[in-house]
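> What follows is the file upload35.txt, containing compact mmCIF, C-alpha atoms:
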```txt
# COMPACT_ATOMS: atom_id res chain seq x y z
CA MET L 1 0.00 0.00 0.00
CA ARG L 2 2.83 2.40 0.77
CA ASP L 3 4.37 1.67 -2.62
CA LEU L 4 1.04 2.35 -4.33
CA ALA L 5 0.64 5.61 -2.41
CA ARG L 6 4.13 6.73 -3.41
CA ARG L 7 3.47 5.89 -7.08
CA ILE L 8 0.17 7.83 -7.06
CA ASP L 9 1.91 10.76 -5.39
CA ALA L 10 4.71 10.69 -8.00
CA ALA L 11 2.17 10.53 -10.88
CA THR L 12 0.38 13.68 -9.69
CA PRO L 13 1.38 16.95 -11.41
CA PRO L 14 3.21 19.28 -8.98
CA GLY L 15 0.80 22.16 -9.62
CA ARG L 16 -2.39 20.19 -8.94
CA ASP L 17 -4.51 21.64 -6.14
CA ARG L 18 -5.21 18.49 -4.17
CA ALA L 19 -7.65 20.30 -1.89
CA LEU L 20 -10.11 20.54 -4.79
CA ASP L 21 -10.09 16.76 -5.18
CA ALA L 22 -10.63 16.37 -1.44
CA LEU L 23 -13.58 18.77 -1.45
CA ARG L 24 -15.11 16.91 -4.40
CA ALA L 25 -14.65 13.59 -2.58
CA LEU L 26 -16.24 14.98 0.59
CA ALA L 27 -19.19 16.29 -1.42
CA ILE L 28 -19.77 12.92 -3.07
CA LEU L 29 -19.47 11.04 0.23
CA GLY L 30 -21.89 13.50 1.82
CA VAL L 31 -24.51 12.80 -0.85
CA VAL L 32 -24.01 9.04 -0.54
CA LEU L 33 -24.27 8.92 3.25
CA GLY L 34 -27.15 11.38 3.20
CA HIS L 35 -29.18 9.21 0.86
CA TRP L 36 -28.42 6.09 2.88
CA LEU L 37 -29.53 7.79 6.10
CA VAL L 38 -32.67 9.64 4.95
CA THR L 39 -34.09 7.03 2.56
CA ALA L 40 -35.96 4.05 3.95
CA LEU L 41 -37.62 1.26 1.98
CA ASN L 42 -40.67 0.02 3.85
CA THR L 43 -42.54 -3.18 2.97
CA ASP L 44 -46.24 -2.50 2.61
CA SER L 45 -48.66 -5.22 1.49
CA GLY L 46 -46.01 -6.99 -0.56
CA THR L 47 -44.55 -3.85 -2.15
CA LEU L 48 -41.67 -1.53 -1.35
CA ARG L 49 -42.30 2.16 -0.73
CA ALA L 50 -39.76 4.90 -0.07
CA VAL L 51 -40.21 6.69 3.26
CA SER L 52 -38.15 9.54 4.72
CA PRO L 53 -37.12 9.18 8.38
CA LEU L 54 -37.21 12.98 8.62
CA SER L 55 -40.99 12.97 8.20
CA ARG L 56 -41.37 10.79 11.32
CA LEU L 57 -38.25 11.79 13.27
CA PRO L 58 -37.93 15.56 12.69
CA GLU L 59 -35.36 15.83 15.49
CA PHE L 60 -32.85 14.34 13.06
CA THR L 61 -33.26 17.25 10.62
CA PRO L 62 -29.65 18.40 11.36
CA VAL L 63 -28.51 15.28 9.48
CA SER L 64 -29.58 17.07 6.29
CA TRP L 65 -27.35 20.02 7.19
CA VAL L 66 -24.29 17.79 7.29
CA PHE L 67 -24.88 15.58 4.27
CA GLN L 68 -26.56 17.90 1.74
CA THR L 69 -23.24 18.90 0.13
CA LEU L 70 -24.22 19.71 -3.46
CA ALA L 71 -23.15 23.36 -3.16
CA VAL L 72 -19.56 22.24 -2.51
CA PHE L 73 -19.68 20.03 -5.60
CA PHE L 74 -20.85 22.97 -7.76
CA LEU L 75 -18.22 25.24 -6.18
CA VAL L 76 -15.44 22.84 -7.13
CA GLY L 77 -17.06 22.22 -10.52
CA GLY L 78 -17.05 25.93 -11.33
CA ARG L 79 -13.46 26.29 -10.16
CA VAL L 80 -12.20 23.37 -12.23
CA ALA L 81 -14.28 24.05 -15.36
CA ALA L 82 -13.33 27.73 -15.52
CA GLY L 83 -9.65 26.92 -15.07
CA SER L 84 -9.84 24.12 -17.62
CA HIS L 85 -11.56 26.32 -20.19
CA THR L 86 -8.97 29.06 -19.76
CA ALA L 87 -6.18 26.51 -20.27
CA ALA L 88 -7.97 25.15 -23.36
CA LEU L 89 -8.10 28.64 -24.88
CA VAL L 90 -4.38 29.11 -24.28
CA GLN L 91 -3.64 25.75 -25.91
CA GLY L 92 -5.89 26.48 -28.89
CA THR L 93 -8.34 23.67 -28.06
CA SER L 94 -11.76 24.16 -29.61
CA TYR L 95 -14.84 24.56 -27.44
CA ARG L 96 -16.31 21.36 -28.89
CA ASP L 97 -13.23 19.29 -28.02
CA TRP L 98 -13.04 20.83 -24.56
CA LEU L 99 -16.71 20.15 -23.81
CA THR L 100 -16.54 16.60 -25.19
CA ALA L 101 -13.63 15.85 -22.90
CA ARG L 102 -15.38 17.40 -19.89
CA LEU L 103 -18.69 15.61 -20.38
CA GLY L 104 -17.47 12.28 -21.76
CA ARG L 105 -16.43 10.90 -18.40
CA LEU L 106 -19.68 12.19 -16.93
CA PHE L 107 -22.09 10.45 -19.30
CA ARG L 108 -20.36 7.16 -20.16
CA PRO L 109 -21.15 5.66 -16.74
CA VAL L 110 -24.65 7.21 -16.84
CA ALA L 111 -25.43 5.29 -20.02
CA VAL L 112 -24.36 2.06 -18.33
CA VAL L 113 -26.50 2.52 -15.22
CA LEU L 114 -29.52 3.42 -17.38
CA ALA L 115 -29.04 0.32 -19.54
CA VAL L 116 -28.64 -1.98 -16.53
CA TRP L 117 -31.68 -0.60 -14.77
CA ALA L 118 -33.84 -0.66 -17.91
CA ALA L 119 -33.07 -4.37 -18.20
CA ALA L 120 -33.68 -4.87 -14.48
CA ALA L 121 -37.03 -3.05 -14.60
CA LEU L 122 -38.14 -5.13 -17.56
CA ALA L 123 -37.08 -8.36 -15.84
CA MET L 124 -38.88 -7.42 -12.62
CA THR L 125 -42.05 -6.48 -14.50
CA LEU L 126 -42.06 -9.73 -16.49
CA GLY L 127 -41.30 -11.64 -13.29
CA GLY L 128 -44.45 -10.37 -11.61
CA VAL L 129 -42.87 -7.84 -9.24
CA PRO L 130 -45.55 -5.29 -8.22
CA TRP L 131 -45.43 -2.12 -10.27
CA GLN L 132 -45.21 0.03 -7.12
CA THR L 133 -41.97 -1.72 -6.18
CA VAL L 134 -40.49 -1.31 -9.66
CA TYR L 135 -41.48 2.36 -9.64
CA THR L 136 -39.98 2.96 -6.19
CA LEU L 137 -36.66 1.34 -7.07
CA GLY L 138 -36.44 3.04 -10.45
CA LYS L 139 -37.21 6.44 -8.98
CA LEU L 140 -34.46 6.05 -6.37
CA VAL L 141 -31.97 5.33 -9.15
CA LEU L 142 -33.10 8.07 -11.51
CA SER L 143 -33.89 10.92 -9.10
CA PRO L 144 -30.22 11.76 -8.29
CA LEU L 145 -29.51 12.17 -12.01
CA TRP L 146 -31.25 15.57 -12.13
CA PHE L 147 -28.21 17.20 -10.61
CA LEU L 148 -25.94 15.73 -13.29
CA LEU L 149 -28.11 17.34 -15.97
CA VAL L 150 -27.85 20.71 -14.22
CA PHE L 151 -24.11 20.28 -13.77
CA ALA L 152 -23.67 19.34 -17.44
CA ALA L 153 -25.68 22.41 -18.53
CA LEU L 154 -23.60 24.73 -16.37
CA THR L 155 -20.40 23.13 -17.65
CA ALA L 156 -21.53 23.69 -21.24
CA ALA L 157 -22.33 27.32 -20.40
CA THR L 158 -18.97 27.93 -18.68
CA PRO L 159 -17.70 30.37 -21.36
CA LEU L 160 -20.85 32.48 -20.77
CA VAL L 161 -21.24 32.22 -16.99
CA ALA L 162 -17.58 32.14 -15.89
CA ARG L 163 -17.50 35.93 -15.64
CA VAL L 164 -20.91 36.29 -14.01
CA HIS L 165 -20.64 37.50 -10.42
CA PRO L 166 -22.40 35.15 -7.93
CA LEU L 167 -24.54 38.04 -6.70
CA TRP L 168 -26.47 38.11 -9.99
CA PRO L 169 -27.92 34.58 -9.79
CA PHE L 170 -28.40 35.13 -6.05
CA ALA L 171 -30.55 38.18 -6.88
CA VAL L 172 -32.61 36.05 -9.27
CA VAL L 173 -33.32 33.47 -6.53
CA LEU L 174 -34.22 36.24 -4.10
CA HIS L 175 -36.72 37.83 -6.47
CA ILE L 176 -38.23 34.49 -7.50
CA ASP L 177 -38.86 33.56 -3.86
CA VAL L 178 -40.33 36.98 -3.07
CA ILE L 179 -42.77 36.54 -5.97
CA ARG L 180 -43.60 32.91 -5.06
CA PHE L 181 -43.96 33.18 -1.30
CA GLY L 182 -44.56 36.90 -0.77
CA PHE L 183 -47.04 37.61 -3.55
CA GLY L 184 -48.49 34.16 -4.23
CA GLY L 185 -46.79 33.77 -7.62
CA PRO L 186 -47.11 30.58 -9.69
CA GLU L 187 -45.29 27.50 -8.42
CA TRP L 188 -43.70 26.81 -11.81
CA LEU L 189 -41.71 30.03 -11.48
CA GLY L 190 -39.66 28.36 -8.77
CA TRP L 191 -38.03 26.04 -11.27
CA THR L 192 -36.04 29.02 -12.54
CA ASN L 193 -34.04 28.54 -9.35
CA VAL L 194 -32.76 25.16 -10.55
CA ALA L 195 -30.34 27.07 -12.77
CA ALA L 196 -30.01 30.27 -10.75
CA GLY L 197 -29.62 28.55 -7.38
CA TRP L 198 -26.75 26.30 -8.43
CA LEU L 199 -25.18 29.09 -10.47
CA VAL L 200 -24.36 30.83 -7.19
CA PRO L 201 -21.72 28.31 -6.02
CA TYR L 202 -20.70 27.53 -9.61
CA CYS L 203 -19.98 31.20 -10.38
CA LEU L 204 -18.24 31.52 -7.02
CA GLY L 205 -15.95 28.69 -8.09
CA ALA L 206 -15.33 30.40 -11.45
CA LEU L 207 -14.51 33.63 -9.61
CA TRP L 208 -12.06 31.64 -7.50
CA ALA L 209 -10.40 30.33 -10.66
CA ARG L 210 -10.15 33.78 -12.30
CA HIS L 211 -8.86 35.82 -9.41
CA GLY L 212 -7.28 33.28 -7.06
CA ILE L 213 -9.22 34.71 -4.11
CA ARG L 214 -7.84 34.43 -0.58
CA GLU L 215 -9.64 31.44 0.85
CA ARG L 216 -9.66 32.23 4.58
CA PRO L 217 -11.03 35.81 4.47
CA VAL L 218 -13.64 34.85 1.87
CA GLY L 219 -14.50 31.70 3.83
CA TRP L 220 -15.15 33.62 7.03
CA THR L 221 -17.18 36.25 5.15
CA LEU L 222 -19.42 33.61 3.57
CA LEU L 223 -19.79 31.76 6.86
CA ILE L 224 -20.63 34.88 8.87
CA THR L 225 -23.25 36.00 6.35
CA GLY L 226 -24.63 32.57 5.35
CA VAL L 227 -25.37 31.20 8.83
CA PRO L 228 -27.52 34.05 10.17
CA ALA L 229 -29.26 34.47 6.80
CA THR L 230 -30.26 30.80 6.79
CA VAL L 231 -31.37 30.89 10.42
CA LEU L 232 -33.50 33.98 9.85
CA LEU L 233 -35.12 32.48 6.74
CA VAL L 234 -36.04 29.30 8.65
CA VAL L 235 -37.13 30.94 11.92
CA LEU L 236 -38.80 34.11 10.65
CA ALA L 237 -39.69 33.48 7.00
CA GLY L 238 -41.05 29.96 7.46
CA TYR L 239 -38.66 28.05 5.20
CA PRO L 240 -38.27 24.33 6.06
CA ALA L 241 -35.36 23.46 8.33
CA ALA L 242 -34.54 20.32 6.34
CA MET L 243 -32.17 20.94 3.44
CA VAL L 244 -33.44 17.89 1.55
CA GLY L 245 -36.88 17.03 0.23
CA VAL L 246 -39.22 15.48 2.81
CA PRO L 247 -42.29 13.64 1.39
CA GLY L 248 -45.49 15.30 2.50
CA ALA L 249 -43.89 18.67 3.31
CA ALA L 250 -45.65 21.72 1.87
CA VAL L 251 -42.37 23.25 0.68
CA SER L 252 -39.06 21.63 -0.27
CA ASN L 253 -35.81 23.53 -0.01
CA LEU L 254 -34.31 21.44 -2.78
CA ASN L 255 -37.01 20.81 -5.42
CA PRO L 256 -36.74 23.52 -6.62
CA PRO L 257 -33.96 25.26 -4.66
CA THR L 258 -35.15 28.03 -2.39
CA LEU L 259 -33.38 31.10 -1.04
CA ALA L 260 -32.75 29.18 2.19
CA ALA L 261 -31.02 26.39 0.24
CA VAL L 262 -28.84 28.98 -1.50
CA THR L 263 -27.84 30.76 1.72
CA PHE L 264 -27.15 27.37 3.27
CA GLY L 265 -24.99 26.54 0.24
CA ILE L 266 -23.12 29.81 0.73
CA THR L 267 -22.44 28.70 4.30
CA GLN L 268 -21.08 25.38 3.05
CA CYS L 269 -18.87 27.16 0.50
CA GLY L 270 -17.50 29.28 3.31
CA ALA L 271 -16.65 26.17 5.31
CA ALA L 272 -15.06 24.66 2.20
CA PHE L 273 -12.81 27.69 1.74
CA LEU L 274 -11.70 27.42 5.38
CA LEU L 275 -10.86 23.75 4.86
CA VAL L 276 -8.66 24.37 1.81
CA GLY L 277 -5.51 25.23 3.78
CA PRO L 278 -5.67 22.27 6.20
CA LEU L 279 -6.53 19.91 3.33
CA ARG L 280 -3.51 21.04 1.32
CA ARG L 281 -1.23 20.35 4.26
CA THR L 282 -2.81 16.96 4.98
CA LEU L 283 -2.73 15.83 1.35
CA SER L 284 0.96 16.51 1.04
CA ARG L 285 1.30 13.09 2.68
CA PRO L 286 1.24 10.32 0.03
CA ALA L 287 -1.09 8.00 1.97
CA ALA L 288 -3.76 10.66 2.47
CA TRP L 289 -3.54 11.82 -1.13
CA ALA L 290 -3.72 8.25 -2.48
CA ALA L 291 -7.07 7.68 -0.73
CA VAL L 292 -8.52 10.89 -2.19
CA ALA L 293 -7.11 10.25 -5.68
CA LEU L 294 -8.47 6.70 -5.81
CA LEU L 295 -11.93 7.86 -4.73
CA ASN L 296 -11.93 10.59 -7.37
CA LEU L 297 -11.05 8.07 -10.08
CA SER L 298 -14.36 6.34 -9.31
CA ALA L 299 -16.35 9.30 -8.01
CA MET L 300 -19.04 9.14 -10.69
CA THR L 301 -19.39 5.37 -10.33
CA VAL L 302 -19.80 5.77 -6.57
CA PHE L 303 -22.48 8.41 -7.07
CA LEU L 304 -24.41 6.49 -9.73
CA TRP L 305 -24.43 3.11 -7.98
CA HIS L 306 -24.76 3.99 -4.28
CA GLN L 307 -28.56 3.75 -4.38
CA THR L 308 -28.34 0.43 -6.21
CA ALA L 309 -26.01 -0.88 -3.48
CA MET L 310 -28.50 0.10 -0.77
CA MET L 311 -31.41 -1.45 -2.68
CA ALA L 312 -29.48 -4.66 -3.36
CA VAL L 313 -28.83 -5.13 0.36
CA THR L 314 -32.48 -4.29 1.11
CA MET L 315 -33.82 -6.81 -1.42
CA LEU L 316 -31.41 -9.55 -0.35
CA GLY L 317 -32.33 -8.88 3.28
CA LEU L 318 -36.01 -9.17 2.39
CA LEU L 319 -35.37 -12.47 0.62
CA ALA L 320 -33.26 -13.80 3.48
CA GLY L 321 -35.85 -12.71 6.04
CA GLY L 322 -38.56 -14.52 4.12
CA LEU L 323 -36.54 -17.73 3.82
CA THR L 324 -35.56 -17.79 7.49
CA GLY L 325 -38.94 -16.66 8.80
CA HIS L 326 -37.57 -13.55 10.48
CA GLY L 327 -39.66 -11.23 8.34
CA PRO L 328 -38.79 -7.55 7.79
CA LEU L 329 -35.44 -6.49 9.23
CA THR L 330 -35.17 -3.38 11.39
CA GLY L 331 -33.31 -0.60 9.63
CA LEU L 332 -33.95 -2.12 6.21
CA HIS L 333 -37.66 -2.78 5.78
CA THR L 334 -39.39 -1.38 8.85
CA VAL L 335 -41.01 2.04 9.27
CA PRO L 336 -38.38 4.60 10.38
CA ASP L 337 -40.30 5.88 13.37
CA GLY L 338 -38.00 5.24 16.34
CA TYR L 339 -34.45 5.40 17.60
CA ASP L 340 -34.11 1.64 17.19
CA TRP L 341 -34.45 2.14 13.44
CA VAL L 342 -31.73 4.81 13.50
CA LEU L 343 -29.30 2.57 15.39
CA ALA L 344 -30.07 -0.35 13.09
CA ARG L 345 -29.59 1.80 9.98
CA LEU L 346 -26.18 2.94 11.26
CA ALA L 347 -25.24 -0.72 11.67
CA TRP L 348 -26.30 -1.41 8.06
CA LEU L 349 -24.10 1.35 6.61
CA PRO L 350 -20.94 -0.82 6.43
CA VAL L 351 -22.96 -3.47 4.56
CA PHE L 352 -24.11 -0.82 2.08
CA GLY L 353 -20.47 0.19 1.73
CA LEU L 354 -19.37 -3.34 0.88
CA ALA L 355 -22.14 -3.64 -1.72
CA LEU L 356 -21.04 -0.32 -3.21
CA LEU L 357 -17.44 -1.53 -3.42
CA ALA L 358 -18.69 -4.53 -5.40
CA CYS L 359 -20.56 -2.21 -7.79
CA VAL L 360 -17.46 -0.04 -8.21
CA ALA L 361 -15.33 -3.10 -8.95
CA VAL L 362 -17.73 -4.13 -11.73
CA PHE L 363 -18.59 -0.77 -13.28
CA ARG L 364 -15.62 1.50 -12.57
CA THR L 365 -14.01 0.59 -15.90
CA TYR L 366 -16.70 2.53 -17.81
CA GLU L 367 -15.77 5.72 -15.99
CA ALA L 368 -12.13 5.11 -16.91
CA GLY L 369 -13.02 4.86 -20.59
CA GLY L 370 -14.37 1.35 -21.02
CA ARG L 371 -11.16 -0.65 -20.78
CA ARG L 372 -9.09 -1.94 -17.92
CA PRO L 373 -5.47 -0.87 -18.21
CA SER L 374 -3.09 -3.72 -18.98
CA ARG L 375 0.51 -3.82 -17.85
CA ALA L 376 1.57 -2.47 -21.21
CA ARG L 377 -0.68 0.56 -20.75
CA ARG L 378 0.27 1.44 -17.17
CA PRO L 379 1.73 4.84 -18.09
CA ALA L 380 -1.64 5.74 -19.65
CA ALA L 381 -3.39 4.52 -16.52
CA ARG L 382 -1.24 6.81 -14.42
CA LYS L 383 -2.46 9.74 -16.47
CA GLN L 384 -5.92 9.04 -15.09
CA VAL L 385 -4.65 10.23 -11.71
CA GLN L 386 -3.64 13.47 -13.33
CA ARG L 387 -7.12 13.95 -14.83
CA ALA L 388 -9.09 12.82 -11.75
```
For the file at hand, write its structure as structure tokens.


Amino acid sequence: MRDLARRIDAATPPGRDRALDALRALAILGVVLGHWLVTALNTDSGTLRAVSPLSRLPEFTPVSWVFQTLAVFFLVGGRVAAGSHTAALVQGTSYRDWLTARLGRLFRPVAVVLAVWAAAALAMTLGGVPWQTVYTLGKLVLSPLWFLLVFAALTAATPLVARVHPLWPFAVVLHIDVIRFGFGGPEWLGWTNVAAGWLVPYCLGALWARHGIRERPVGWTLLITGVPATVLLVVLAGYPAAMVGVPGAAVSNLNPPTLAAVTFGITQCGAAFLLVGPLRRTLSRPAAWAAVALLNLSAMTVFLWHQTAMMAVTMLGLLAGGLTGHGPLTGLHTVPDGYDWVLARLAWLPVFGLALLACVAVFRTYEAGGRRPSRARRPAARKQVQRA
């Protein structure tokens, strides 16, 4: 392992900002753990239905504050895309070639997960699995893909939005919410915030790339303004405290993004800026950097298959419970309405992790370009670390 860590460290370009990779990894892990903790599959009359523990255990709402990390992902995305586009212009690379390279690694693994789940849905339907179960499982797989579409659109628009100050999309979100909630405007108007809301951290990242802003002062500024703004919006303006969608709630902070979600994202970006310095120092050690680099090489595979891993464990547990006569297993199939469910779900997390590792082992090659590197192609494989 030490030899592998040293080789990964040696293959990394000296000028690479390793803190960006670490922030991206933390954002992906936050989404994965968040979904595993706030998504429950409950057996109901022979079918599976998705239930949110937050709707029955609202005291665990702070979990959504920790694991809803999409703003950090868009911050890093804006920083990397803007820097990459500037470098492409210097090198004379066309916009088409630049965009193809940026989006290719994003959508190759998406095509695979869609193909696998289309076949699985067809097989389940033909096998007599209740439609409600097929729908529930399919929705859990497909629903996280919305953010990839938004991210791809913002990446494609990088030449246009890279010079937009974050305050402009923030002003759009503010006005949209005033119209929606203050003057009873149409609900469909809120979907404008899908672009404007995530443009705030994305443009902040682009600003970071253009001007090399000082992370600590900016981080403290964002933190000091974002925290009280979010608290005031929740306490005085009536925005939901949960930063993820909760079934049955009158308003969701995420679908579409609200002003509270944006101010909360600003808070997260501030925390991310404050982490940059410590992360750079920590990742100067080969072992720490190797762990981050390896995760980034499979980041999209981890994101795309983490729900499948959870569902696979849930279905196998249901089958095993039926064969052994134990019935539904706490933390997997039971209603998330007590602390016993929470403790059981925490115990299941390592099992979900092992299932996810199996998915990564099978499907990671598509993210790398569709082929496993042979010994003869090891130098090319090392270049993947440079692009991660």

> Is there a way to get, as an mmCIF file with C-alpha atoms, in the coordinates of the input, all residues within 10 Å of the point (-29.4, 25.9, -10.0) in file coordinates, counting all atoms listed in the file?


```cif
data_model
loop_
_atom_site.group_PDB
_atom_site.id
_atom_site.type_symbol
_atom_site.label_atom_id
_atom_site.label_comp_id
_atom_site.auth_asym_id
_atom_site.auth_seq_id
_atom_site.Cartn_x
_atom_site.Cartn_y
_atom_site.Cartn_z
ATOM 1 C CA ALA L 71 -23.150 23.360 -3.160
ATOM 2 C CA PHE L 74 -20.850 22.970 -7.760
ATOM 3 C CA PHE L 147 -28.210 17.200 -10.610
ATOM 4 C CA VAL L 150 -27.850 20.710 -14.220
ATOM 5 C CA PHE L 151 -24.110 20.280 -13.770
ATOM 6 C CA ALA L 153 -25.680 22.410 -18.530
ATOM 7 C CA LEU L 154 -23.600 24.730 -16.370
ATOM 8 C CA PRO L 169 -27.920 34.580 -9.790
ATOM 9 C CA VAL L 173 -33.320 33.470 -6.530
ATOM 10 C CA TRP L 191 -38.030 26.040 -11.270
ATOM 11 C CA THR L 192 -36.040 29.020 -12.540
ATOM 12 C CA ASN L 193 -34.040 28.540 -9.350
ATOM 13 C CA VAL L 194 -32.760 25.160 -10.550
ATOM 14 C CA ALA L 195 -30.340 27.070 -12.770
ATOM 15 C CA ALA L 196 -30.010 30.270 -10.750
ATOM 16 C CA GLY L 197 -29.620 28.550 -7.380
ATOM 17 C CA TRP L 198 -26.750 26.300 -8.430
ATOM 18 C CA LEU L 199 -25.180 29.090 -10.470
ATOM 19 C CA VAL L 200 -24.360 30.830 -7.190
ATOM 20 C CA PRO L 201 -21.720 28.310 -6.020
ATOM 21 C CA TYR L 202 -20.700 27.530 -9.610
ATOM 22 C CA LEU L 254 -34.310 21.440 -2.780
ATOM 23 C CA PRO L 256 -36.740 23.520 -6.620
ATOM 24 C CA PRO L 257 -33.960 25.260 -4.660
ATOM 25 C CA THR L 258 -35.150 28.030 -2.390
ATOM 26 C CA VAL L 262 -28.840 28.980 -1.500
#
```

> Which residue gives the smallest distance to Pro247 of chain L among L:Ile8, L:Val51, L:Leu207, L:Met124, with only C-alpha atoms counted?

L:Val51

> Excluding same-chain residues fewer than 4 positions from Leu274 of chain L, what lies within 10 Å of it counting only C-alpha atoms, as a list in words?

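Contacts, in chain order: Arg214, Glu215, Arg216, Pro217, Val218, Gly219, Trp220, Leu223, Gln268, Cys269, Gly270, Pro278 and Leu279 of chain L.
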
> Could you give me, as a PyMOL selection string, the residues that sit within 10 Å of (-23.3, 8.2, -10.9) in the file's coordinates, counting all atoms listed in the file?

chain L and resi 28+106-113+141-142+144-145+148+298-307+367

> Find, counting all atoms listed in the file, the residue in L:Val32, L:Ala344, L:Ala209, L:Ala120 that gets nearest to Arg79 of chain L.

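Among the listed residues, the smallest separation from Arg79 of chain L belongs to L:Ala209.
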
> For Leu140 of chain L, work out the shell of residues within 10 Å, counting all atoms listed in the file and skipping chain neighbours fewer than 5 positions away, then give it as a list in words.

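Skipping anything fewer than 5 positions along the chain leaves His35, Thr39, Ala50, Tyr135, Leu145, Gln307, Thr308 and Met311 of chain L.
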
> Give me the residues within 8 Å of segment 283-296 of chain L as a list in words, counting only C-alpha atoms and dropping any in the same chain fewer than 2 places off.

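After dropping sequence-adjacent residues, the list is Arg2, Leu4, Ala5, Arg6, Ile8, Asp9, Arg18, Ala19, Asp21, Ala22, Arg24, Ala25, Leu279, Arg280, Arg281, Ser298, Ala299, Met300, Val385 and Ala388 of chain L.
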
> May I have the residues from that selection written out with C-alpha atoms, as a PDB file, in the coordinates of the input?


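Contents of result_8.pdb, as written:
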```pdb
ATOM      1  CA  ARG L   2       2.830   2.400   0.770  1.00  0.00           C
ATOM      2  CA  LEU L   4       1.040   2.350  -4.330  1.00  0.00           C
ATOM      3  CA  ALA L   5       0.640   5.610  -2.410  1.00  0.00           C
ATOM      4  CA  ARG L   6       4.130   6.730  -3.410  1.00  0.00           C
ATOM      5  CA  ILE L   8       0.170   7.830  -7.060  1.00  0.00           C
ATOM      6  CA  ASP L   9       1.910  10.760  -5.390  1.00  0.00           C
ATOM      7  CA  ARG L  18      -5.210  18.490  -4.170  1.00  0.00           C
ATOM      8  CA  ALA L  19      -7.650  20.300  -1.890  1.00  0.00           C
ATOM      9  CA  ASP L  21     -10.090  16.760  -5.180  1.00  0.00           C
ATOM     10  CA  ALA L  22     -10.630  16.370  -1.440  1.00  0.00           C
ATOM     11  CA  ARG L  24     -15.110  16.910  -4.400  1.00  0.00           C
ATOM     12  CA  ALA L  25     -14.650  13.590  -2.580  1.00  0.00           C
ATOM     13  CA  LEU L 279      -6.530  19.910   3.330  1.00  0.00           C
ATOM     14  CA  ARG L 280      -3.510  21.040   1.320  1.00  0.00           C
ATOM     15  CA  ARG L 281      -1.230  20.350   4.260  1.00  0.00           C
ATOM     16  CA  SER L 298     -14.360   6.340  -9.310  1.00  0.00           C
ATOM     17  CA  ALA L 299     -16.350   9.300  -8.010  1.00  0.00           C
ATOM     18  CA  MET L 300     -19.040   9.140 -10.690  1.00  0.00           C
ATOM     19  CA  VAL L 385      -4.650  10.230 -11.710  1.00  0.00           C
ATOM     20  CA  ALA L 388      -9.090  12.820 -11.750  1.00  0.00           C
TER      21      ALA L 388
END
```

> What is the atom CA of Thr43 of chain L to atom CA of Leu316 of chain L distance in Å?

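Here the two named atoms are 13.2 Å from each other.
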
> Between atom CA of Leu346 of chain L and atom CA of Trp131 of chain L, what is the distance in Å, rounded to a tenth?

29.3 Å

> Provide segment 9-29 of chain L of the preceding structure as a file containing C-alpha atoms, as a PDB file, in the first residue's frame.


```
ATOM      1  CA  ASP L   9       1.913  10.755  -5.390  1.00  0.00           C
ATOM      2  CA  ALA L  10       4.705  10.686  -7.999  1.00  0.00           C
ATOM      3  CA  ALA L  11       2.174  10.532 -10.880  1.00  0.00           C
ATOM      4  CA  THR L  12       0.383  13.678  -9.686  1.00  0.00           C
ATOM      5  CA  PRO L  13       1.383  16.950 -11.413  1.00  0.00           C
ATOM      6  CA  PRO L  14       3.212  19.275  -8.982  1.00  0.00           C
ATOM      7  CA  GLY L  15       0.797  22.157  -9.615  1.00  0.00           C
ATOM      8  CA  ARG L  16      -2.394  20.193  -8.939  1.00  0.00           C
ATOM      9  CA  ASP L  17      -4.506  21.638  -6.139  1.00  0.00           C
ATOM     10  CA  ARG L  18      -5.214  18.494  -4.166  1.00  0.00           C
ATOM     11  CA  ALA L  19      -7.646  20.299  -1.887  1.00  0.00           C
ATOM     12  CA  LEU L  20     -10.113  20.542  -4.786  1.00  0.00           C
ATOM     13  CA  ASP L  21     -10.089  16.760  -5.177  1.00  0.00           C
ATOM     14  CA  ALA L  22     -10.626  16.367  -1.444  1.00  0.00           C
ATOM     15  CA  LEU L  23     -13.583  18.770  -1.454  1.00  0.00           C
ATOM     16  CA  ARG L  24     -15.112  16.908  -4.402  1.00  0.00           C
ATOM     17  CA  ALA L  25     -14.649  13.594  -2.582  1.00  0.00           C
ATOM     18  CA  LEU L  26     -16.239  14.978   0.595  1.00  0.00           C
ATOM     19  CA  ALA L  27     -19.189  16.285  -1.421  1.00  0.00           C
ATOM     20  CA  ILE L  28     -19.768  12.919  -3.073  1.00  0.00           C
ATOM     21  CA  LEU L  29     -19.468  11.043   0.228  1.00  0.00           C
TER      22      LEU L  29
END
```
